[in-house]
Amino acid sequence: MKKLLFIILAMIVSTSILIGCTKDTTTTAATTAATSAATSVTTTAPATTAEVSKYGGVFKTRSANPLDQPFGDPLMYGPGSEGMDVVLETLLSEGDAPGVQEYALATGCKLAPDKSYYDISLRQGVQFHDGTPFNAEAVKWNLDRARSGPVALLTQVESIEVIDDYTIRLNLTSWDNQILYDLEQGQCFMISPTNYEKNTPDWANFHPAGTGPFVFKENRSNQILVFEKDPNYWGKDDQGNQLPYLDGFEVHYIPDMMVAQAALESGEIDLTGPVDKAIVEKVMSDPNYQVLPWTLYSGPAFYMNTEDPDSVWSDQRVRQALEYAIDKETTVQTLGNPLYQPRYNIINGLELAVPDEGIVPRKYDTAKAKQLLQEAGHASVEFDLYVVQIFWGMNQEIILTWQEQMAAAGFIANIQVIEVAKWIEMGMSPLPDNAVSVGIVVGGSKSNPMYTVPRYYQAGGLSFVGVKRPAEWDTLLPQALQTEDISQMISLLVEVDKVAYDQAMIIPLFLPNAADAANNRVHDFERHTIGTTLRITWLTK
């Protein structure tokens, strides 16, 4: 139960853009090793510009979250984790194409012919920031902790074995094509066992020691986190130049958005962190600044109790009618952030791997909504619409506009704004009566849109309790998980997505893409699913 509460709370906090993503997307010059057919690991690196020196400078960013939170233990998630990814690294990291991962602290992943284990080769000559050697014993210590952490990871790993100083073996109880993706997750950040065991866990949580490009130096009165370049960092760019380019990195606590904008304009900071609609629009029109968009793979959706045959929502025509009753395009892009995108598929992230899934979207059509409702035998439907406080605070205008649009089609929504604890409690059981709730679709990524599907969306998963899954999923999802052919996995996922959308399993609403505002000194900074490109970020002098 505690794990479920933890996961659901993390979902809504991250989707509400209250915390930043935290892990460097690592690129290496590692030699190619054998991988499972379902996981291709590539090596890429940033191009350098001979005319411009990329070295030097301190990159200063803003956080709206208090800086008195721990950020050194990967098993602890929260607002303080903004500094975690610059200090800590994982074995593998996210790639930019389906089925692709990149080597970070690992240099090879070899699957046994009978699929009973993976051998992971490790980068040699790396030290944690406290001088502890990075080796197989340290990795085993970290992964054993991750397996017992608050989020269920590496569940198919029966044991972890040290083969030699730079090889570990993951002994498997079963195989599917998602196992290695667990090694990208924040819970699998590598920390120094010495730092954790020699000092108290609490001390280590506020004084992280990893292998990342920056070393934690100090927390200045909970106002500024200070990180300095690690001169011994193992990373190189594709010309063999030492990374990182920056001399340092700082996180400044500035809770007020308008103060953050002023700090950007005065030069106190270089990047604001996620900004609201007004600032995005202003920055877009100012040549002295830039908008750095970042895609969120999780987004809101309406869901209902469709397993109850007495529920009005058990008839898919009623669910389809509800989607026709709301104007996603106009509403989210005029009342929300200009970067918001309307959603018409269930598996977030799949549309990035397959831009045209062949889904026929149910776009705003009040007449069509009324027709379907009448065909289902209803002149109107009245229901409670539960909206969690965090989401309501950010998207109140959108919800109120949809309430009016739904009423015009015969759907009378009584909005009930509830606290997070109540929202989590309601999510553990099928919704009562004909209620509708705003849930969170936890997405995968461009490199692996499959990752969250078995965990959250299969029957018995962590999301959308009481929602009936399409019968076709029982065949399609196991096939997608067991194939060694990435193109086949993607094709099967497209089938899964289409059948779920056709039957209106849930009603996806929009993708709440966010943006940073930055001055024009900032180059090569991006946010990825878990982390940033901070190790290759550089500043114009």
# chains A, B, ... in the order shown; residues from 1 in each chain; ligands from 1
call {"tool": "residues_around", "arguments": {"residues": "A:Glu323", "least_positions_apart": "2", "cutoff": "12 Å", "atoms": "only C-alpha atoms", "output": "NGL selection string"}}
result
:A and (301-303 or 316-321 or 325-328 or 342-344 or 361-366 or 368-370 or 372-373 or 402 or 405-406 or 409 or 411 or 501-509)
call {"tool": "residues_around", "arguments": {"residues": "stretch 424-431 of chain A", "least_positions_apart": "5", "cutoff": "9 Å", "atoms": "only C-alpha atoms", "output": "list in words"}}
result
Leu4, Leu5, Ile8, Leu9, Tyr303, Met304, Asn305, Thr306, Glu307, Asp308, Glu419, Val436, Ser437, Gly439, Leu462, Ser463, Phe464, Val465, Gly466 and Val467 of chain A
call {"tool": "write_last_selection", "arguments": {"atoms": "N, CA and C atoms", "output": "short mmCIF file (atom, residue, chain, number, x, y, z; two decimals), in the first residue's frame"}}
result
data_model
loop_
_atom_site.label_atom_id
_atom_site.label_comp_id
_atom_site.auth_asym_id
_atom_site.auth_seq_id
_atom_site.Cartn_x
_atom_site.Cartn_y
_atom_site.Cartn_z
N LEU A 4 2.18 1.92 -3.45
CA LEU A 4 1.16 2.46 -4.34
C LEU A 4 0.92 3.94 -4.08
N LEU A 5 0.83 4.31 -2.81
CA LEU A 5 0.66 5.73 -2.47
C LEU A 5 1.82 6.55 -3.00
N ILE A 8 1.62 6.87 -6.96
CA ILE A 8 0.55 7.74 -7.44
C ILE A 8 0.84 9.19 -7.12
N LEU A 9 1.37 9.44 -5.93
CA LEU A 9 1.69 10.82 -5.58
C LEU A 9 2.78 11.36 -6.49
N TYR A 303 -11.49 9.37 -16.59
CA TYR A 303 -11.78 7.94 -16.53
C TYR A 303 -13.00 7.71 -15.66
N MET A 304 -13.63 6.53 -15.86
CA MET A 304 -14.89 6.20 -15.21
C MET A 304 -14.89 4.73 -14.79
N ASN A 305 -15.92 4.33 -14.08
CA ASN A 305 -16.13 2.93 -13.73
C ASN A 305 -16.89 2.29 -14.90
N THR A 306 -16.16 1.60 -15.75
CA THR A 306 -16.80 0.98 -16.91
C THR A 306 -16.98 -0.53 -16.74
N GLU A 307 -16.49 -1.07 -15.62
CA GLU A 307 -16.68 -2.49 -15.34
C GLU A 307 -18.06 -2.77 -14.76
N ASP A 308 -18.69 -1.76 -14.17
CA ASP A 308 -20.02 -1.90 -13.59
C ASP A 308 -21.07 -1.80 -14.69
N GLU A 419 -8.64 17.17 -2.33
CA GLU A 419 -7.23 17.19 -1.96
C GLU A 419 -6.53 15.93 -2.49
N VAL A 436 -16.88 10.69 -12.61
CA VAL A 436 -15.74 10.78 -13.52
C VAL A 436 -14.61 11.45 -12.74
N SER A 437 -13.37 11.01 -12.97
CA SER A 437 -12.23 11.62 -12.31
C SER A 437 -11.17 11.99 -13.34
N GLY A 439 -7.69 11.54 -14.11
CA GLY A 439 -6.56 10.70 -13.76
C GLY A 439 -5.33 11.11 -14.55
N LEU A 462 -1.61 -0.19 -11.88
CA LEU A 462 -1.67 0.83 -10.84
C LEU A 462 -2.62 1.97 -11.16
N SER A 463 -3.06 2.08 -12.40
CA SER A 463 -3.91 3.21 -12.78
C SER A 463 -5.29 2.74 -13.25
N PHE A 464 -6.26 3.63 -13.08
CA PHE A 464 -7.60 3.45 -13.66
C PHE A 464 -8.29 2.18 -13.17
N VAL A 465 -8.36 2.05 -11.86
CA VAL A 465 -9.08 0.94 -11.26
C VAL A 465 -10.56 1.06 -11.62
N GLY A 466 -11.16 -0.04 -12.05
CA GLY A 466 -12.56 -0.03 -12.45
C GLY A 466 -12.78 0.24 -13.92
N VAL A 467 -11.69 0.50 -14.65
CA VAL A 467 -11.80 0.72 -16.09
C VAL A 467 -11.63 -0.62 -16.81
#
call {"tool": "closest_residue", "arguments": {"among": "A:Phe214, A:Phe391, A:Trp175, A:Trp203", "to": "A:Leu481", "atoms": "only C-alpha atoms"}}
result
A:Trp175
call {"tool": "atom_distance", "arguments": {"atom1": "atom CA of A:Lys110", "atom2": "atom CA of A:Ile191"}}
result
23.9 Å
call {"tool": "select_by_dssp", "arguments": {"residues": "stretch 286-391 of chain A", "states": "strand (DSSP E or B)", "output": "MDAnalysis selection string"}}
result
chainID A and resid 289:294 299:304 341:342 381:388
call {"tool": "residues_around", "arguments": {"residues": "A:Ala263", "least_positions_apart": "3", "cutoff": "12 Å", "atoms": "only C-alpha atoms", "output": "JSON, numbers by chain"}}
result
{"A": [60, 61, 62, 63, 252, 253, 254, 255, 256, 257, 258, 259, 260, 266, 267, 268, 269, 270, 271, 272, 273, 517, 518, 519]}
call {"tool": "residues_around", "arguments": {"residues": "A:Arg169", "least_positions_apart": "5", "cutoff": "8 Å", "atoms": "only C-alpha atoms", "output": "list in words"}}
result
Tyr117, Tyr118, Asp119, Ile120, Ile160, Glu161, Val162 and Ile163 of chain A
call {"tool": "select_by_dssp", "arguments": {"residues": "stretch 162-344 of chain A", "states": "alpha helix (DSSP H)", "output": "ChimeraX atom specification"}}
result
/A:193-198,201-206,257-266,277-284,316-324,328-335
call {"tool": "write_last_selection", "arguments": {"atoms": "C-alpha atoms", "output": "PDB file, in the first residue's frame"}}
result
ATOM      1  CA  PRO A 193      28.326   2.970  -0.813  1.00  0.00           C
ATOM      2  CA  THR A 194      31.129   4.420   1.333  1.00  0.00           C
ATOM      3  CA  ASN A 195      29.484   7.826   1.574  1.00  0.00           C
ATOM      4  CA  TYR A 196      26.219   6.210   2.623  1.00  0.00           C
ATOM      5  CA  GLU A 197      27.621   3.683   5.109  1.00  0.00           C
ATOM      6  CA  LYS A 198      30.500   5.684   6.613  1.00  0.00           C
ATOM      7  CA  PRO A 201      22.040   7.936   5.629  1.00  0.00           C
ATOM      8  CA  ASP A 202      20.524  11.323   6.436  1.00  0.00           C
ATOM      9  CA  TRP A 203      23.875  13.076   6.011  1.00  0.00           C
ATOM     10  CA  ALA A 204      24.530  11.291   2.711  1.00  0.00           C
ATOM     11  CA  ASN A 205      21.083  12.300   1.497  1.00  0.00           C
ATOM     12  CA  PHE A 206      22.063  15.969   1.798  1.00  0.00           C
ATOM     13  CA  MET A 257       7.183  33.369 -11.016  1.00  0.00           C
ATOM     14  CA  MET A 258       7.321  37.143 -11.552  1.00  0.00           C
ATOM     15  CA  VAL A 259      10.428  37.441  -9.382  1.00  0.00           C
ATOM     16  CA  ALA A 260      11.987  34.659 -11.445  1.00  0.00           C
ATOM     17  CA  GLN A 261      11.265  36.562 -14.639  1.00  0.00           C
ATOM     18  CA  ALA A 262      12.895  39.677 -13.170  1.00  0.00           C
ATOM     19  CA  ALA A 263      15.903  37.591 -12.095  1.00  0.00           C
ATOM     20  CA  LEU A 264      16.265  36.327 -15.657  1.00  0.00           C
ATOM     21  CA  GLU A 265      16.077  39.838 -17.083  1.00  0.00           C
ATOM     22  CA  SER A 266      18.636  41.175 -14.588  1.00  0.00           C
ATOM     23  CA  LYS A 277       1.568  30.994 -20.202  1.00  0.00           C
ATOM     24  CA  ALA A 278       2.163  34.744 -19.843  1.00  0.00           C
ATOM     25  CA  ILE A 279       5.940  34.400 -19.615  1.00  0.00           C
ATOM     26  CA  VAL A 280       6.092  31.899 -22.471  1.00  0.00           C
ATOM     27  CA  GLU A 281       4.205  34.330 -24.701  1.00  0.00           C
ATOM     28  CA  LYS A 282       6.408  37.252 -23.651  1.00  0.00           C
ATOM     29  CA  VAL A 283       9.659  35.358 -24.176  1.00  0.00           C
ATOM     30  CA  MET A 284       8.519  34.110 -27.566  1.00  0.00           C
ATOM     31  CA  GLN A 316     -18.876   3.039 -25.038  1.00  0.00           C
ATOM     32  CA  ARG A 317     -21.181   5.335 -27.016  1.00  0.00           C
ATOM     33  CA  VAL A 318     -21.660   7.468 -23.907  1.00  0.00           C
ATOM     34  CA  ARG A 319     -17.895   7.680 -23.386  1.00  0.00           C
ATOM     35  CA  GLN A 320     -17.372   8.565 -27.028  1.00  0.00           C
ATOM     36  CA  ALA A 321     -20.066  11.216 -26.775  1.00  0.00           C
ATOM     37  CA  LEU A 322     -18.311  12.813 -23.812  1.00  0.00           C
ATOM     38  CA  GLU A 323     -15.126  13.217 -25.842  1.00  0.00           C
ATOM     39  CA  TYR A 324     -17.023  14.793 -28.726  1.00  0.00           C
ATOM     40  CA  LYS A 328      -9.500  20.107 -26.765  1.00  0.00           C
ATOM     41  CA  GLU A 329      -7.678  22.098 -29.440  1.00  0.00           C
ATOM     42  CA  THR A 330      -9.037  25.568 -28.848  1.00  0.00           C
ATOM     43  CA  THR A 331      -9.371  25.270 -25.096  1.00  0.00           C
ATOM     44  CA  VAL A 332      -5.967  23.909 -24.097  1.00  0.00           C
ATOM     45  CA  GLN A 333      -3.995  26.118 -26.464  1.00  0.00           C
ATOM     46  CA  THR A 334      -5.789  29.367 -25.673  1.00  0.00           C
ATOM     47  CA  LEU A 335      -6.442  28.898 -21.955  1.00  0.00           C
TER      48      LEU A 335
END
call {"tool": "closest_residue", "arguments": {"among": "A:Pro478, A:Pro449, A:Gly83, A:Pro133", "to": "A:Val226", "atoms": "only C-alpha atoms"}}
result
A:Gly83
call {"tool": "decode", "arguments": {"residues": "stretch 195-233 of chain A", "atoms": "N, CA and C atoms", "output": "compact mmCIF listing (two decimals), in the first residue's frame"}}
result
# COMPACT_ATOMS: atom_id res chain seq x y z
N ASN A 195 30.10 6.59 1.09
CA ASN A 195 29.48 7.83 1.57
C ASN A 195 28.23 7.54 2.38
N TYR A 196 27.48 6.55 1.95
CA TYR A 196 26.22 6.21 2.62
C TYR A 196 26.46 5.47 3.94
N GLU A 197 27.42 4.54 3.94
CA GLU A 197 27.62 3.68 5.11
C GLU A 197 28.56 4.30 6.14
N LYS A 198 29.55 5.07 5.69
CA LYS A 198 30.50 5.68 6.61
C LYS A 198 29.83 6.81 7.39
N ASN A 199 29.02 7.57 6.71
CA ASN A 199 28.26 8.65 7.35
C ASN A 199 26.84 8.14 7.62
N THR A 200 26.00 8.96 8.18
CA THR A 200 24.62 8.53 8.38
C THR A 200 23.86 8.64 7.06
N PRO A 201 22.84 7.81 6.84
CA PRO A 201 22.04 7.94 5.63
C PRO A 201 21.48 9.33 5.44
N ASP A 202 21.08 9.98 6.54
CA ASP A 202 20.52 11.32 6.44
C ASP A 202 21.58 12.30 5.94
N TRP A 203 22.80 12.18 6.46
CA TRP A 203 23.87 13.08 6.01
C TRP A 203 24.16 12.86 4.53
N ALA A 204 24.24 11.60 4.12
CA ALA A 204 24.53 11.29 2.71
C ALA A 204 23.43 11.80 1.80
N ASN A 205 22.21 11.84 2.31
CA ASN A 205 21.08 12.30 1.50
C ASN A 205 21.17 13.79 1.20
N PHE A 206 21.87 14.53 2.03
CA PHE A 206 22.06 15.97 1.80
C PHE A 206 23.46 16.28 1.25
N HIS A 207 24.32 15.26 1.14
CA HIS A 207 25.69 15.44 0.65
C HIS A 207 25.99 14.30 -0.32
N PRO A 208 25.40 14.33 -1.51
CA PRO A 208 25.52 13.20 -2.43
C PRO A 208 26.94 13.03 -2.98
N ALA A 209 27.32 11.79 -3.20
CA ALA A 209 28.59 11.48 -3.86
C ALA A 209 28.30 10.48 -4.97
N GLY A 210 28.38 10.96 -6.20
CA GLY A 210 28.12 10.11 -7.35
C GLY A 210 29.30 10.11 -8.30
N THR A 211 29.01 9.85 -9.58
CA THR A 211 30.05 9.84 -10.61
C THR A 211 29.77 10.90 -11.67
N GLY A 212 28.82 11.78 -11.42
CA GLY A 212 28.36 12.73 -12.42
C GLY A 212 29.34 13.85 -12.72
N PRO A 213 28.98 14.72 -13.68
CA PRO A 213 29.89 15.77 -14.14
C PRO A 213 30.13 16.89 -13.13
N PHE A 214 29.26 16.99 -12.12
CA PHE A 214 29.41 18.05 -11.14
C PHE A 214 29.41 17.47 -9.72
N VAL A 215 30.18 18.11 -8.87
CA VAL A 215 30.32 17.71 -7.47
C VAL A 215 29.55 18.69 -6.60
N PHE A 216 28.75 18.14 -5.68
CA PHE A 216 28.03 19.02 -4.76
C PHE A 216 29.02 19.70 -3.83
N LYS A 217 28.89 21.06 -3.71
CA LYS A 217 29.79 21.81 -2.84
C LYS A 217 29.10 22.27 -1.58
N GLU A 218 27.94 22.98 -1.72
CA GLU A 218 27.29 23.50 -0.52
C GLU A 218 25.85 23.90 -0.80
N ASN A 219 25.11 24.00 0.30
CA ASN A 219 23.76 24.57 0.29
C ASN A 219 23.84 25.87 1.08
N ARG A 220 23.70 27.00 0.38
CA ARG A 220 23.81 28.29 1.03
C ARG A 220 22.47 28.72 1.62
N SER A 221 22.28 28.37 2.87
CA SER A 221 21.11 28.80 3.66
C SER A 221 19.80 28.45 2.98
N ASN A 222 19.77 27.32 2.30
CA ASN A 222 18.57 26.85 1.60
C ASN A 222 18.10 27.83 0.52
N GLN A 223 19.00 28.66 0.06
CA GLN A 223 18.68 29.62 -1.00
C GLN A 223 19.37 29.27 -2.32
N ILE A 224 20.56 28.68 -2.25
CA ILE A 224 21.31 28.33 -3.45
C ILE A 224 22.03 26.99 -3.25
N LEU A 225 21.81 26.07 -4.17
CA LEU A 225 22.61 24.85 -4.21
C LEU A 225 23.77 25.10 -5.16
N VAL A 226 24.98 24.77 -4.71
CA VAL A 226 26.18 25.05 -5.48
C VAL A 226 26.87 23.74 -5.87
N PHE A 227 27.17 23.62 -7.15
CA PHE A 227 27.87 22.46 -7.68
C PHE A 227 29.07 22.93 -8.48
N GLU A 228 30.20 22.20 -8.37
CA GLU A 228 31.40 22.55 -9.11
C GLU A 228 31.75 21.43 -10.09
N LYS A 229 32.40 21.80 -11.16
CA LYS A 229 32.86 20.86 -12.17
C LYS A 229 33.76 19.80 -11.55
N ASP A 230 33.54 18.54 -11.93
CA ASP A 230 34.44 17.46 -11.51
C ASP A 230 35.58 17.39 -12.52
N PRO A 231 36.79 17.80 -12.14
CA PRO A 231 37.91 17.80 -13.10
C PRO A 231 38.31 16.40 -13.54
N ASN A 232 37.86 15.38 -12.80
CA ASN A 232 38.21 14.00 -13.12
C ASN A 232 37.06 13.23 -13.76
N TYR A 233 36.08 13.96 -14.23
CA TYR A 233 34.91 13.30 -14.83
C TYR A 233 35.33 12.45 -16.04
